[in-house]
Amino acid sequence: MISKSEKLLTITIGIDLGTQTIKVVILKDNLVLTREKAVSGFETSKVAKQVIDEALKKTKLSINDISHITATGAGVQMAPNPNSTISMMSADAKAGFYLFPKARTIIDVGAEEARAIKCDDNGIMVDFVVNERCAAGAGAFIEAMARAIEVKMEEMGPLSLKAERASSINATCVIFGESDVVSLIHKQESKPEIARAVFDAMADRISSMVHRLGVNPEVVLVGGVAKDVGFIASLKRKLGVDISIPDYPEYAGALGAALIAAKRAKRNK
Amino acid sequence: MKKQNTQKKYVPELSQKEIDELSNSIKTSSQKIVAETIKRMKESDKNRPKTMKYFDEMADLFGKREKEIIEAKKSGKKIIGYLCLFAPIELILAADAIPVRINSGWYDATKIGDRVVPVEVCPVIRSTIGAKMVSLSPFLENSDAIISVLTCDAMTKLGEILTDYTPIWQMTIPRIKDSDQALRLWIEEIKSIKKEIEKLTGNKITRKKLRRAIELTQKATKAFRRLQQLRKGNPVIMGRDAMLAIQTYIWDDVERWTKNTNKLCDELEKRVKNKDWSVPPDTPRVLITGTPMFWPDNWKVPSLVEEANPKGVILADEICSSERILNDPVGVDEWSMNDMLNAIGERYLMASTCACFSSTDGNEDRINWLITKIKDHKIDGVIYYVVRGCMLYAMEYTRVKKVLDQLNIPVYYLDTEYTREDVGQMKTRVEAFLEMLTARIDF
């Protein structure tokens, strides 16, 4: 339980209902109290509620202590009774700028979506681009390609770093990317080279997307794929700039939503 | 006249049974969509102008206007369809014929068009082919001849494909407009289409009749400009309502449309006096540009913008299915036949901001219109709408974005297809854009 004086503080929840996982961040006066996630599965609403309950349990809070819940993500309409919603782009901008105050370009690569957001000096989003209806620039692509070369998805990154040279695939989509990988296998390319080719192809797509906004430093990478060392290395090569990655990059959307919830809670007071 | 024995150049033969089934199913689902769209348009503005009722009625493509056109045809009048805004409707009106634009907005008709052309082709074209194959559009079906202006690549071939069904009059539009020889060629095209119209209708286009027709469309432009003037201030009409009213011009009777648009303006002026706004005045003000959006099905972008959370309101557009129809009047100095034909030529060629032109200044005319509209209507952000396959507008985006960046006007490139399936994703993108505009206004 929390004391009376603490109750005056603003405690908010941000929930990000992604295509593969649901992430929750609880924020107290703009400081993260806890993070929690789970695979969305089939019953998204139910899982979302469980993740929130779990996070509350960890922080010994009850839902009544929360002043505002903001939901975001592809499954936003499945969020259990949020006070408000926000787009993924605004949430990313908010989180990116909060984590790195010099951030001007925020790239979010998730399971099935990738987007890039441009911020001004005040952290206000001024432009954004998204990849649509194609998972070639997103996490699902790594997963499919890992299957094709029979390695675990988590192994792809470290494996790719061992590549001695770059081969290429013209990944236009998961399906055709796979046949590209098959032809590399037939050429008897080694697994590290193929893994690197997969990340290079993804980074290629993402970097041309980012170039449409202009590559303005500081560049921040968030989303689940931001944990993949192979992808990070490829993206750095393609963009030719340093990339900042926060701890827990997959929680950026939820964090952004929680920050926006805090702002909205204060406005409503 | 059905050409029973002639070999078709493009389209496959469909059995009457298949035609009826397909056309009925599209018609039924489309009528549902229209009813739903209008219902939502009514809900979004509690005090929606009562005079919109007229345009709602005109929006039923299988309603009053279809009956009128069939009646007119029975009485011996000719119906002349057209595919691009370059068709000089004044000549059609002067020959006592009825002009109707026949570009299709039916989503499901694209699937039928896909039997003839590949899916990479612009959906407006695929849908128009599909609509013709199953005799869906009352306007297309009743057209005695169709004016096909060779604008973009897809339009150029569409005319050719439609020759399988209907007499097509092709007009070459010069791709460079700012040269003397271009205008000369175009005026020759106008003169030759005049002869075709006279031949089909049996009516001579006299000086007096043409003057009356030009005056008719001038009055329509005046009514349109009155409406636009009202859209420069606080939002007094939802963009969707204004866009629908404007679009009905392409199939309505010109004189009656003008009368009803003026009535709408009268009502809106009262709203202004009472400070009765459609949405709060600080709602982000949006302009739409890019590929045309045709009623009835392809109304998703205006609906998304004006039903989003946060909400936006469309105050202006720069598309050829809406404001571009009526931006400019035919400007005549002297009412001689020659002068009138020259004036029509200039109006249709020089004033057009279509992306089919190429110029060393980078379609400066379109850029200027955009800037003027952005300033006059105090636009906060621009949605650049493109359907897949619409190469020319897609390519011009970079140019437009560069200019708008300099003006510090956010622009968002929204690409889509003739489908309802991507509405969810589009909603996210539109809402993020509107959040961005709101944040800028707030800050």
# chains A, B, ... in the order shown; residues from 1 in each chain; ligands from 1
>>> interface_residues(of="chain A", to="chain B", cutoff="9 Å", atoms="only C-alpha atoms", output="list in words")
Gly73, Ala74, Thr85, Ile86, Ser87, Met88, Met89, Ser90, Ile124, Met125, Val126, Asp127, Phe128, Val129, Val130, Glu132 and Arg133 of chain A
>>> write_last_selection(atoms="N, CA, C and O atoms", output="PDB file, in the first residue's frame")
ATOM      1  N   GLY A  73      -0.978   0.911 -29.776  1.00  0.00           N
ATOM      2  CA  GLY A  73      -0.647  -0.339 -30.460  1.00  0.00           C
ATOM      3  C   GLY A  73      -1.714  -0.775 -31.445  1.00  0.00           C
ATOM      4  O   GLY A  73      -2.830  -0.248 -31.452  1.00  0.00           O
ATOM      5  N   ALA A  74      -1.349  -1.778 -32.251  1.00  0.00           N
ATOM      6  CA  ALA A  74      -2.246  -2.245 -33.316  1.00  0.00           C
ATOM      7  C   ALA A  74      -3.571  -2.767 -32.761  1.00  0.00           C
ATOM      8  O   ALA A  74      -4.606  -2.667 -33.399  1.00  0.00           O
ATOM      9  N   THR A  85      -6.655   6.890 -25.643  1.00  0.00           N
ATOM     10  CA  THR A  85      -5.769   6.147 -26.545  1.00  0.00           C
ATOM     11  C   THR A  85      -4.834   7.139 -27.233  1.00  0.00           C
ATOM     12  O   THR A  85      -5.088   8.342 -27.251  1.00  0.00           O
ATOM     13  N   ILE A  86      -3.780   6.602 -27.807  1.00  0.00           N
ATOM     14  CA  ILE A  86      -2.828   7.430 -28.537  1.00  0.00           C
ATOM     15  C   ILE A  86      -2.242   6.574 -29.651  1.00  0.00           C
ATOM     16  O   ILE A  86      -2.149   5.357 -29.514  1.00  0.00           O
ATOM     17  N   SER A  87      -1.864   7.187 -30.754  1.00  0.00           N
ATOM     18  CA  SER A  87      -1.276   6.403 -31.849  1.00  0.00           C
ATOM     19  C   SER A  87       0.121   5.933 -31.462  1.00  0.00           C
ATOM     20  O   SER A  87       0.779   6.522 -30.609  1.00  0.00           O
ATOM     21  N   MET A  88       0.573   4.873 -32.124  1.00  0.00           N
ATOM     22  CA  MET A  88       1.902   4.329 -31.849  1.00  0.00           C
ATOM     23  C   MET A  88       2.986   5.370 -32.148  1.00  0.00           C
ATOM     24  O   MET A  88       4.019   5.404 -31.488  1.00  0.00           O
ATOM     25  N   MET A  89       2.740   6.196 -33.158  1.00  0.00           N
ATOM     26  CA  MET A  89       3.763   7.169 -33.554  1.00  0.00           C
ATOM     27  C   MET A  89       3.965   8.211 -32.464  1.00  0.00           C
ATOM     28  O   MET A  89       5.089   8.534 -32.081  1.00  0.00           O
ATOM     29  N   SER A  90       2.854   8.737 -31.927  1.00  0.00           N
ATOM     30  CA  SER A  90       2.962   9.740 -30.856  1.00  0.00           C
ATOM     31  C   SER A  90       3.600   9.127 -29.619  1.00  0.00           C
ATOM     32  O   SER A  90       4.397   9.775 -28.933  1.00  0.00           O
ATOM     33  N   ILE A 124       8.230  17.358 -30.219  1.00  0.00           N
ATOM     34  CA  ILE A 124       6.948  17.248 -30.920  1.00  0.00           C
ATOM     35  C   ILE A 124       7.181  16.535 -32.246  1.00  0.00           C
ATOM     36  O   ILE A 124       8.078  16.904 -33.007  1.00  0.00           O
ATOM     37  N   MET A 125       6.366  15.520 -32.496  1.00  0.00           N
ATOM     38  CA  MET A 125       6.467  14.802 -33.763  1.00  0.00           C
ATOM     39  C   MET A 125       6.146  15.746 -34.918  1.00  0.00           C
ATOM     40  O   MET A 125       5.136  16.447 -34.887  1.00  0.00           O
ATOM     41  N   VAL A 126       7.019  15.800 -35.904  1.00  0.00           N
ATOM     42  CA  VAL A 126       6.741  16.667 -37.054  1.00  0.00           C
ATOM     43  C   VAL A 126       6.529  15.883 -38.346  1.00  0.00           C
ATOM     44  O   VAL A 126       6.024  16.414 -39.326  1.00  0.00           O
ATOM     45  N   ASP A 127       6.903  14.617 -38.349  1.00  0.00           N
ATOM     46  CA  ASP A 127       6.696  13.809 -39.550  1.00  0.00           C
ATOM     47  C   ASP A 127       6.849  12.339 -39.164  1.00  0.00           C
ATOM     48  O   ASP A 127       7.489  12.038 -38.149  1.00  0.00           O
ATOM     49  N   PHE A 128       6.288  11.451 -39.940  1.00  0.00           N
ATOM     50  CA  PHE A 128       6.497  10.029 -39.676  1.00  0.00           C
ATOM     51  C   PHE A 128       6.270   9.213 -40.945  1.00  0.00           C
ATOM     52  O   PHE A 128       5.603   9.674 -41.868  1.00  0.00           O
ATOM     53  N   VAL A 129       6.879   8.038 -40.994  1.00  0.00           N
ATOM     54  CA  VAL A 129       6.604   7.098 -42.083  1.00  0.00           C
ATOM     55  C   VAL A 129       6.394   5.716 -41.483  1.00  0.00           C
ATOM     56  O   VAL A 129       6.942   5.400 -40.427  1.00  0.00           O
ATOM     57  N   VAL A 130       5.598   4.899 -42.151  1.00  0.00           N
ATOM     58  CA  VAL A 130       5.393   3.529 -41.687  1.00  0.00           C
ATOM     59  C   VAL A 130       5.535   2.577 -42.858  1.00  0.00           C
ATOM     60  O   VAL A 130       5.297   2.958 -43.992  1.00  0.00           O
ATOM     61  N   GLU A 132       3.901  -0.509 -44.681  1.00  0.00           N
ATOM     62  CA  GLU A 132       2.537  -1.010 -44.610  1.00  0.00           C
ATOM     63  C   GLU A 132       2.421  -2.376 -45.242  1.00  0.00           C
ATOM     64  O   GLU A 132       3.052  -2.656 -46.231  1.00  0.00           O
ATOM     65  N   ARG A 133       1.557  -3.138 -44.665  1.00  0.00           N
ATOM     66  CA  ARG A 133       1.145  -4.413 -45.247  1.00  0.00           C
ATOM     67  C   ARG A 133       2.322  -5.254 -45.721  1.00  0.00           C
ATOM     68  O   ARG A 133       2.248  -5.955 -46.705  1.00  0.00           O
TER      69      ARG A 133
END
>>> residues_around(residues="Lys222 of chain B", least_positions_apart="4", cutoff="10 Å", atoms="only C-alpha atoms", output="number ranges by chain")
B: 216-218, 226-228, 258, 261-262, 326-329
>>> closest_residue(among="B:Ile250, B:Met395, B:Leu185, B:Cys356", to="Arg65 of chain B", atoms="only C-alpha atoms")
B:Ile250
>>> atom_distance(atom1="atom CA of Glu155 of chain A", atom2="atom CA of Ile15 of chain A")
28.8 Å
>>> select_by_dssp(residues="segment 39-223 of chain B", states="alpha helix (DSSP H)", output="PyMOL selection string")
chain B and resi 39-44+52-58+64-74+89-94+109-113+123-133+138-142+153-162+180-201+207-223
>>> select_by_dssp(residues="segment 92-249 of chain A", states="strand (DSSP E or B)", output="PyMOL selection string")
chain A and resi 105-109+114-119+125-130+219-222+243-244
>>> residues_around(residues="Ala148 of chain A", least_positions_apart="2", cutoff="10 Å", atoms="only C-alpha atoms", output="ChimeraX atom specification")
/A:142-146,150-151,178-179,181-182,185
>>> write_last_selection(atoms="C-alpha atoms", output="PDB file, in the first residue's frame")
ATOM      1  CA  ILE A 142      13.807 -12.546 -38.952  1.00  0.00           C
ATOM      2  CA  GLU A 143      11.626 -15.262 -37.509  1.00  0.00           C
ATOM      3  CA  ALA A 144      10.721 -16.666 -40.925  1.00  0.00           C
ATOM      4  CA  MET A 145      14.305 -16.531 -42.170  1.00  0.00           C
ATOM      5  CA  ALA A 146      15.626 -18.199 -39.004  1.00  0.00           C
ATOM      6  CA  GLU A 150      17.116 -23.864 -39.098  1.00  0.00           C
ATOM      7  CA  VAL A 151      18.451 -21.731 -36.283  1.00  0.00           C
ATOM      8  CA  GLU A 178      12.502 -16.965 -48.138  1.00  0.00           C
ATOM      9  CA  SER A 179      13.084 -18.106 -51.696  1.00  0.00           C
ATOM     10  CA  VAL A 181      17.448 -17.427 -48.757  1.00  0.00           C
ATOM     11  CA  VAL A 182      16.875 -20.832 -50.319  1.00  0.00           C
ATOM     12  CA  ILE A 185      21.547 -22.098 -49.309  1.00  0.00           C
TER      13      ILE A 185
END
>>> residues_around(residues="segment 257-269 of chain A", least_positions_apart="5", cutoff="7 Å", atoms="only C-alpha atoms", output="JSON, numbers by chain")
{"A": [10, 12, 13, 14, 15, 25, 26, 27, 30, 67, 68, 69, 70, 71, 72, 86, 91]}
>>> write_last_selection(atoms="C-alpha atoms", output="PDB file, in the first residue's frame")
ATOM      1  CA  THR A  10       0.401  10.900 -10.448  1.00  0.00           C
ATOM      2  CA  THR A  12      -0.311   6.172 -14.678  1.00  0.00           C
ATOM      3  CA  ILE A  13      -0.343   3.092 -16.877  1.00  0.00           C
ATOM      4  CA  GLY A  14       0.665   2.825 -20.491  1.00  0.00           C
ATOM      5  CA  ILE A  15      -0.360  -0.304 -22.337  1.00  0.00           C
ATOM      6  CA  VAL A  25       4.528   0.260 -18.001  1.00  0.00           C
ATOM      7  CA  ILE A  26       3.516   1.797 -14.668  1.00  0.00           C
ATOM      8  CA  LEU A  27       4.814   5.274 -14.143  1.00  0.00           C
ATOM      9  CA  ASN A  30       7.487  10.177 -14.772  1.00  0.00           C
ATOM     10  CA  SER A  67      -5.033   8.242 -12.271  1.00  0.00           C
ATOM     11  CA  HIS A  68      -5.016   7.518 -15.994  1.00  0.00           C
ATOM     12  CA  ILE A  69      -4.533   4.629 -18.413  1.00  0.00           C
ATOM     13  CA  THR A  70      -3.552   5.283 -22.021  1.00  0.00           C
ATOM     14  CA  ALA A  71      -3.534   2.512 -24.590  1.00  0.00           C
ATOM     15  CA  THR A  72      -1.667   2.277 -27.872  1.00  0.00           C
ATOM     16  CA  ILE A  86      -2.828   7.430 -28.537  1.00  0.00           C
ATOM     17  CA  ALA A  91       3.807   7.194 -28.154  1.00  0.00           C
TER      18      ALA A  91
END
>>> residues_around(residues="Asp242 of chain A", least_positions_apart="6", cutoff="8 Å", atoms="only C-alpha atoms", output="list in words")
Glu218, Val219 and Lys236 of chain A
>>> write_last_selection(atoms="all heavy atoms", output="JSON list (two decimals), in the first residue's frame")
[["chain", "number", "residue", "atom", "x", "y", "z"],
["A", 218, "GLU", "N", 19.98, 12.96, -32.89],
["A", 218, "GLU", "CA", 20.35, 11.64, -32.50],
["A", 218, "GLU", "C", 19.30, 10.61, -32.95],
["A", 218, "GLU", "O", 18.11, 10.85, -32.81],
["A", 218, "GLU", "CB", 20.49, 11.65, -30.95],
["A", 218, "GLU", "CG", 20.83, 10.39, -30.28],
["A", 218, "GLU", "CD", 21.02, 10.63, -28.76],
["A", 218, "GLU", "OE1", 21.17, 11.78, -28.32],
["A", 218, "GLU", "OE2", 20.98, 9.64, -28.03],
["A", 219, "VAL", "N", 19.78, 9.47, -33.47],
["A", 219, "VAL", "CA", 18.87, 8.45, -33.94],
["A", 219, "VAL", "C", 18.66, 7.41, -32.83],
["A", 219, "VAL", "O", 19.62, 6.88, -32.28],
["A", 219, "VAL", "CB", 19.41, 7.77, -35.21],
["A", 219, "VAL", "CG1", 18.48, 6.65, -35.67],
["A", 219, "VAL", "CG2", 19.60, 8.78, -36.32],
["A", 236, "LYS", "N", 23.28, 0.31, -38.41],
["A", 236, "LYS", "CA", 24.36, 1.29, -38.23],
["A", 236, "LYS", "C", 25.14, 1.43, -39.52],
["A", 236, "LYS", "O", 25.46, 2.54, -39.95],
["A", 236, "LYS", "CB", 25.31, 0.84, -37.11],
["A", 236, "LYS", "CG", 24.88, 1.33, -35.74],
["A", 236, "LYS", "CD", 25.92, 1.00, -34.69],
["A", 236, "LYS", "CE", 25.36, 1.30, -33.32],
["A", 236, "LYS", "NZ", 26.13, 0.68, -32.25]]
